[in-house]
Amino acid sequence: MDEHRSSIELRLPSRLGFEKVAMDTAASVAHLMGFGPDRIEDLKTAISEACINAMEHGNKLDETLSVSIILCMDADSLEVRVVDTGDGPKGHTARPDIDKKMHEEEAARGMGMFLIESLVDEVEWISSPPLGSYARMIIRLHPASDSTQAQES
Amino acid sequence: MDEHRSSIELRLPSRLGFEKVAMDTAASVAHLMGFGPDRIEDLKTAISEACINAMEHGNKLDETLSVSIILCMDADSLEVRVVDTGDGPKGHTARPDIDKKMHEEEAARGMGMFLIESLVDEVEWISSPPLGSYARMIIRLHPASDSTQAQES
Amino acid sequence: MQEKLTQVKMEEVRCGEMPVTVLRFAGDITSASRTAVLGTYEGISGGPKHILLDFTGVDYLNSSGIALVIQMLIAANKNGQVIRAFGLKPHFQKVFAMVGITKYTTIHPDEETACAAYSG
Amino acid sequence: MQEKLTQVKMEEVRCGEMPVTVLRFAGDITSASRTAVLGTYEGISGGPKHILLDFTGVDYLNSSGIALVIQMLIAANKNGQVIRAFGLKPHFQKVFAMVGITKYTTIHPDEETACAAYSG
Ligand SMILES: Nc1ncnc2c1ncn2[C@@H]1O[C@H](COP(=O)(O)OP(=O)(O)O)[C@@H](O)[C@H]1O
Ligand SMILES: Nc1ncnc2c1ncn2[C@@H]1O[C@H](COP(=O)(O)OP(=O)(O)O)[C@@H](O)[C@H]1O
């Protein structure tokens with residue numbers, strides 16, 4: 001195994017609340033790699049949202065189905081795949097529109113994928129039926145530009 | 001899946017230092033289950049020692065070999081198996097003798113299995129070659145008696 | 001298995017002359033917090049004009065939890081109530097700003113500045 | 001990948017009239033800490049009679065790390081030195097007691113009481 005490419009895997013049942021275990025595992029790995037506390041908070045939220053989506057939409061909250069979280073460490077980045085047994089999201093992420101939400105023209109929910117995109121350096125959703133689907137996120141130790149600024153609409 | 005029997009699995013490469021990820025994952029699970037902070041510290045140390053032994057003695061620090069940590073939650077106890085690819089320890093745990101250690105009649109090391117035994121409610125080492133071996137620990141939410149008192153020699 | 005859920009405590013305070021209802025949240029705010037967030041709000045909705053949300057004790061807040069806060073803001077908007085908030089950890093302040101909630105409620109650093117804003 | 005290792009800082013202090021060498025550890029004490037623990041000890045072994053170990057900054061200590069502390073105690077014993085310790089988190093105090101180290105070194109709750117013990 002390449003010294004700079006270690007991989008850690010966590011498998012959870014699809015039960016809401018257990019995403020916290022994934023958050024803490026990922027935070028531990030990121031801490032070992034030298035990520036700072038703010039970036040670790042970003043990662044935790046992104047992983048939380050990806051796990052909840054995998055449990056809820058991918059595995060339909062069937063607790064006998066697992067969500068896998070695969071953490072691949074490079075010298076200067078962490079790649080996280082959150083794998084479920086479903087078909088993956090259709091279409092791409094809509095940016096939440098707070099005005100529409102406040103006027104009930106858009107559901108109050110529907111912010112998870114947007115938050116993931118805003119908080120990590122790279123993300124893609126990959127569907128490979130019948131095997132399942134996964135969100136693949138990358139978070140870098142030294143991002144080229146700071147992409148995590150709060151972006152107000 | 002039984003509501004009271006969920007299981008979580010973590011897989012780590014055999015690299016010293018990565019036992020901290022197992023400690024944090026187990027702490028997160030124990031926290032979800034309602035374990036108090038002192039008992040979580042006991043669990044963390046027991047898991048750390050079991051993982052280090054699995055990496056060092058079981059997998060001979062070969063990073064391509066994994067250590068698996070399987071956490072099974074019951075309503076009032078947590079069972080943890082730490083699995084490696086080796087044959088398991090021969091014979092049973094010797095209680096460290098600090099006097100012999102101080103007089104160099106016994107190695108300074110050799111306290112891991114004793115600590116595990118002292119800190120959890122139950123432990124056994126199970127060898128099932130050629131599949132591997134594992135330490136199986138149980139820690140209870142409400143132990144019948146407090147077995148974690150410091151025992152001075 | 002005991003899962004840590006949402007806790008909420010209601011308090012009537014005065015900010016200067018202004019009567020304010022404070023909802024103090026602790027623990028998690030997630031999809032499991034509907035009753036704690038919206039139920040509590042509905043319980044007080046007849047009365048106060050000014051509502052202050054205290055997030056000091058909140059460790060974990062996800063997008064489903066934020067959606068509940070948005071639903072509370074929608075209802076408050078209809079009822080002509082003003083909601084302010086304080087005590088959000090910096091990371092969650094950033095997340096609130098990302099989704100744009102800060103356009104419809106003001107996030108204050110602490111209770112004192114939030115309270116002072118009512119008499120401003 | 002940056003792994004957090006052991007940090008150690010050496011200080012000469014006076015406890016009352018008594019010159020004491022303090023080794024302040026931070027981070028982890030594990031099998032990777034041989035140089036930080038035994039190397040540092042050897043560097044000072046010619047001199048001081050009184051050595052004080054400060055574990056305040058230590059977050060993680062495992063049985064291999066404790067074995068290094070035992071090896072330091074063995075060497076100090078041979079050199080007629082007295083080692084005291086303080087700042088261990090309660091869990092690690094319990095672990096030190098379990099393995100019996102407390103028979104060969106005294107664990108104090110803080111620097112003040114440890115220092116006072118030299119003049120006692
Ligand atoms: N892992 C997944 N598998 C299937 N569909 C998904 C997955 N993740 C997201 N989706 C789809 O994308 C939509 C938007 O997701 P998200 O932005 O997280 O908001 P929410 O989960 O609150 O609806 C979901 O409603 C769902 O239809
Ligand atoms: N997972 C394991 N596989 C094989 N041998 C083991 C394992 N765990 C412990 N042992 C054996 O038991 C001995 C005692 O272990 P321990 O008490 O943890 O002390 P140490 O690891 O410091 O030697 C080890 O030296 C090793 O020979």
# chains A, B, ... in the order shown; residues from 1 in each chain; ligands from 1
>>> calpha_fit_and_write(fixed="chain B", moving="chain A", output="CSV table (one decimal) with C-alpha atoms, in the first residue's frame")
chain,number,residue,atom,x,y,z
A,1,MET,CA,-32.9,-6.0,11.8
A,2,ASP,CA,-33.8,-6.1,15.4
A,3,GLU,CA,-34.3,-2.6,16.7
A,4,HIS,CA,-32.1,-3.4,19.7
A,5,ARG,CA,-29.2,-5.0,17.7
A,6,SER,CA,-27.5,-2.6,15.3
A,7,SER,CA,-24.0,-3.2,14.1
A,8,ILE,CA,-21.4,-0.9,12.8
A,9,GLU,CA,-18.1,-1.9,11.2
A,10,LEU,CA,-14.9,0.0,10.8
A,11,ARG,CA,-11.9,-1.2,8.7
A,12,LEU,CA,-8.5,0.3,9.2
A,13,PRO,CA,-5.1,-0.4,7.7
A,14,SER,CA,-2.5,-1.7,10.2
A,15,ARG,CA,-0.7,1.5,10.8
A,16,LEU,CA,0.1,2.6,14.3
A,17,GLY,CA,-1.8,5.9,15.0
A,18,PHE,CA,-4.9,4.8,13.2
A,19,GLU,CA,-6.2,3.2,16.4
A,20,LYS,CA,-7.3,6.7,17.3
A,21,VAL,CA,-9.9,6.5,14.6
A,22,ALA,CA,-11.3,3.4,16.2
A,23,MET,CA,-11.3,5.1,19.6
A,24,ASP,CA,-13.2,8.0,18.2
A,25,THR,CA,-15.7,5.9,16.3
A,26,ALA,CA,-16.3,3.7,19.4
A,27,ALA,CA,-16.7,6.8,21.6
A,28,SER,CA,-19.3,8.2,19.2
A,29,VAL,CA,-21.3,5.0,19.3
A,30,ALA,CA,-21.0,4.7,23.1
A,31,HIS,CA,-22.1,8.4,23.4
A,32,LEU,CA,-25.2,7.7,21.2
A,33,MET,CA,-26.0,4.7,23.5
A,34,GLY,CA,-25.9,6.9,26.6
A,35,PHE,CA,-22.6,5.8,28.2
A,36,GLY,CA,-21.1,8.4,30.5
A,37,PRO,CA,-17.7,10.1,29.9
A,38,ASP,CA,-15.7,7.9,32.4
A,39,ARG,CA,-16.9,4.7,30.9
A,40,ILE,CA,-16.2,6.0,27.4
A,41,GLU,CA,-12.6,6.7,28.4
A,42,ASP,CA,-12.4,3.0,29.6
A,43,LEU,CA,-13.7,1.8,26.3
A,44,LYS,CA,-11.4,4.0,24.3
A,45,THR,CA,-8.3,2.7,26.1
A,46,ALA,CA,-9.5,-0.9,25.7
A,47,ILE,CA,-10.1,-0.4,22.0
A,48,SER,CA,-6.8,1.3,21.5
A,49,GLU,CA,-4.9,-1.5,23.1
A,50,ALA,CA,-6.8,-4.2,21.2
A,51,CYS,CA,-6.3,-2.4,17.9
A,52,ILE,CA,-2.5,-1.9,18.5
A,53,ASN,CA,-2.2,-5.6,19.3
A,54,ALA,CA,-4.1,-6.6,16.2
A,55,MET,CA,-1.9,-4.3,14.1
A,56,GLU,CA,1.4,-5.2,15.7
A,57,HIS,CA,1.1,-8.9,16.7
A,58,GLY,CA,-1.8,-10.1,14.5
A,59,ASN,CA,-1.0,-8.3,11.3
A,60,LYS,CA,2.7,-7.7,11.9
A,61,LEU,CA,2.3,-4.1,10.9
A,62,ASP,CA,1.7,-5.0,7.3
A,63,GLU,CA,-0.4,-2.0,6.2
A,64,THR,CA,-2.1,-4.0,3.4
A,65,LEU,CA,-3.8,-6.1,6.1
A,66,SER,CA,-6.8,-4.6,7.7
A,67,VAL,CA,-8.0,-4.5,11.3
A,68,SER,CA,-11.8,-4.7,11.6
A,69,ILE,CA,-13.7,-3.2,14.5
A,70,ILE,CA,-17.3,-4.5,14.8
A,71,LEU,CA,-19.5,-2.7,17.2
A,72,CYS,CA,-22.8,-4.4,18.1
A,73,MET,CA,-25.2,-2.4,20.1
A,74,ASP,CA,-27.7,-4.0,22.4
A,75,ALA,CA,-30.3,-2.1,24.5
A,76,ASP,CA,-27.9,-2.1,27.5
A,77,SER,CA,-24.5,-3.2,26.3
A,78,LEU,CA,-22.0,-2.7,23.5
A,79,GLU,CA,-20.0,-5.7,22.1
A,80,VAL,CA,-16.8,-4.9,20.3
A,81,ARG,CA,-14.8,-7.3,18.2
A,82,VAL,CA,-11.3,-6.3,17.0
A,83,VAL,CA,-10.4,-8.7,14.3
A,84,ASP,CA,-6.9,-9.3,12.7
A,85,THR,CA,-5.5,-11.9,10.3
A,86,GLY,CA,-3.2,-13.7,12.8
A,87,ASP,CA,-3.4,-16.6,15.1
A,88,GLY,CA,-4.3,-14.7,18.3
A,89,PRO,CA,-2.4,-14.5,21.6
A,90,LYS,CA,-1.1,-17.8,23.0
A,91,GLY,CA,-2.0,-18.5,26.6
A,92,HIS,CA,-3.7,-16.1,28.9
A,93,THR,CA,-3.0,-12.6,30.2
A,94,ALA,CA,-0.3,-12.2,32.8
A,95,ARG,CA,-0.9,-9.5,35.3
A,96,PRO,CA,2.0,-7.0,35.1
A,97,ASP,CA,4.3,-7.1,38.1
A,98,ILE,CA,5.6,-3.6,38.6
A,99,ASP,CA,8.3,-4.7,41.1
A,100,LYS,CA,9.7,-7.2,38.5
A,101,LYS,CA,9.5,-4.5,35.9
A,102,MET,CA,11.4,-2.0,38.1
A,103,HIS,CA,14.0,-4.7,38.7
A,104,GLU,CA,14.2,-5.5,35.0
A,105,GLU,CA,13.1,-9.1,35.6
A,106,GLU,CA,10.1,-8.5,33.3
A,107,ALA,CA,9.8,-6.4,30.1
A,108,ALA,CA,8.6,-2.9,30.7
A,109,ARG,CA,5.9,-3.6,28.1
A,110,GLY,CA,3.2,-6.2,28.3
A,111,MET,CA,0.3,-4.3,29.9
A,112,GLY,CA,-2.2,-4.1,27.0
A,113,MET,CA,-4.2,-7.2,27.5
A,114,PHE,CA,-4.2,-6.7,31.3
A,115,LEU,CA,-5.6,-3.1,30.8
A,116,ILE,CA,-8.3,-4.4,28.4
A,117,GLU,CA,-9.4,-7.0,31.0
A,118,SER,CA,-9.4,-4.4,33.8
A,119,LEU,CA,-11.4,-1.8,31.8
A,120,VAL,CA,-14.2,-3.7,30.2
A,121,ASP,CA,-16.9,-5.9,31.7
A,122,GLU,CA,-16.0,-9.0,29.7
A,123,VAL,CA,-13.3,-10.0,27.2
A,124,GLU,CA,-12.1,-13.1,25.5
A,125,TRP,CA,-9.6,-13.8,22.7
A,126,ILE,CA,-10.8,-16.1,20.0
A,127,SER,CA,-8.6,-17.7,17.5
A,128,SER,CA,-10.1,-19.2,14.3
A,129,PRO,CA,-7.3,-20.0,11.9
A,130,PRO,CA,-6.9,-19.6,9.0
A,131,LEU,CA,-9.5,-16.9,9.1
A,132,GLY,CA,-7.9,-14.8,11.8
A,133,SER,CA,-8.4,-14.0,15.4
A,134,TYR,CA,-10.3,-11.5,17.4
A,135,ALA,CA,-10.7,-9.9,20.8
A,136,ARG,CA,-14.3,-9.8,21.9
A,137,MET,CA,-15.2,-7.2,24.6
A,138,ILE,CA,-18.4,-6.3,26.2
A,139,ILE,CA,-19.1,-3.1,28.1
A,140,ARG,CA,-22.4,-2.6,29.8
A,141,LEU,CA,-24.5,0.5,30.4
A,142,HIS,CA,-25.3,-0.7,33.9
A,143,PRO,CA,-22.7,-3.1,35.2
A,144,ALA,CA,-23.7,-5.4,38.0
A,145,SER,CA,-20.7,-4.4,40.0
A,146,ASP,CA,-18.1,-1.8,39.3
A,147,SER,CA,-15.1,-3.7,37.9
A,148,THR,CA,-13.2,-0.7,36.9
A,149,GLN,CA,-11.7,0.3,40.3
A,150,ALA,CA,-8.0,0.9,40.3
A,151,GLN,CA,-6.5,-2.3,41.6
A,152,GLU,CA,-3.1,-1.6,43.2
A,153,SER,CA,-0.7,-4.5,43.6
>>> interface_residues(of="chain C", to="chain A", cutoff="7 Å", atoms="only C-alpha atoms", output="ChimeraX atom specification")
/C:63-64,67,70-71,74,91,94,97-101
>>> select_by_dssp(residues="segment 1-84 of chain A", states="strand (DSSP E or B)", output="PyMOL selection string")
chain A and resi 6-13+66-73+77-84
>>> write_last_selection(atoms="N, CA and C atoms", output="compact mmCIF listing (two decimals), in the first residue's frame")
# COMPACT_ATOMS: atom_id res chain seq x y z
N SER A 6 -3.93 5.75 2.21
CA SER A 6 -4.52 4.77 3.10
C SER A 6 -6.02 4.93 3.03
N SER A 7 -6.71 3.82 3.18
CA SER A 7 -8.16 3.95 3.12
C SER A 7 -8.82 3.27 4.32
N ILE A 8 -9.84 3.91 4.81
CA ILE A 8 -10.58 3.50 6.00
C ILE A 8 -12.04 3.38 5.60
N GLU A 9 -12.70 2.33 6.04
CA GLU A 9 -14.10 2.16 5.68
C GLU A 9 -14.97 2.00 6.92
N LEU A 10 -16.12 2.65 6.88
CA LEU A 10 -17.09 2.55 7.98
C LEU A 10 -18.42 2.10 7.37
N ARG A 11 -19.07 1.13 8.02
CA ARG A 11 -20.38 0.68 7.54
C ARG A 11 -21.43 0.86 8.62
N LEU A 12 -22.51 1.55 8.27
CA LEU A 12 -23.57 1.89 9.22
C LEU A 12 -24.90 1.36 8.74
N PRO A 13 -25.79 0.95 9.64
CA PRO A 13 -27.16 0.67 9.23
C PRO A 13 -27.87 1.99 8.90
N SER A 66 -27.04 -1.12 4.39
CA SER A 66 -25.95 -0.33 4.96
C SER A 66 -25.62 0.89 4.11
N VAL A 67 -25.07 1.87 4.79
CA VAL A 67 -24.39 2.97 4.12
C VAL A 67 -22.90 2.80 4.40
N SER A 68 -22.09 2.84 3.35
CA SER A 68 -20.63 2.74 3.55
C SER A 68 -20.00 4.11 3.37
N ILE A 69 -19.08 4.40 4.25
CA ILE A 69 -18.33 5.64 4.13
C ILE A 69 -16.87 5.24 3.95
N ILE A 70 -16.31 5.60 2.79
CA ILE A 70 -14.94 5.20 2.48
C ILE A 70 -14.08 6.45 2.45
N LEU A 71 -13.08 6.47 3.32
CA LEU A 71 -12.23 7.64 3.49
C LEU A 71 -10.85 7.31 2.93
N CYS A 72 -10.45 7.98 1.84
CA CYS A 72 -9.13 7.75 1.25
C CYS A 72 -8.27 8.96 1.50
N MET A 73 -7.15 8.70 2.20
CA MET A 73 -6.26 9.78 2.57
C MET A 73 -5.12 9.91 1.59
N SER A 77 -5.02 15.64 0.61
CA SER A 77 -6.48 15.71 0.47
C SER A 77 -7.14 14.44 1.00
N LEU A 78 -8.39 14.59 1.33
CA LEU A 78 -9.19 13.47 1.81
C LEU A 78 -10.34 13.30 0.83
N GLU A 79 -10.47 12.08 0.32
CA GLU A 79 -11.61 11.76 -0.55
C GLU A 79 -12.59 10.92 0.25
N VAL A 80 -13.85 11.28 0.21
CA VAL A 80 -14.86 10.53 0.95
C VAL A 80 -15.94 10.07 -0.03
N ARG A 81 -16.22 8.78 -0.01
CA ARG A 81 -17.36 8.28 -0.78
C ARG A 81 -18.42 7.79 0.19
N VAL A 82 -19.65 8.20 -0.04
CA VAL A 82 -20.78 7.77 0.79
C VAL A 82 -21.70 6.95 -0.11
N VAL A 83 -21.74 5.65 0.14
CA VAL A 83 -22.34 4.71 -0.80
C VAL A 83 -23.66 4.18 -0.27
N ASP A 84 -24.70 4.19 -1.12
CA ASP A 84 -25.96 3.55 -0.74
C ASP A 84 -26.35 2.54 -1.80
>>> closest_residue(among="D:Val20, D:Ala26, D:Ile66, D:Val58", to="ligand 2", atoms="only C-alpha atoms and all ligand atoms")
D:Ile66
>>> closest_residue(among="C:Met18, C:Met10, C:Val37, C:Leu68", to="ligand 1", atoms="only C-alpha atoms and all ligand atoms")
C:Leu68
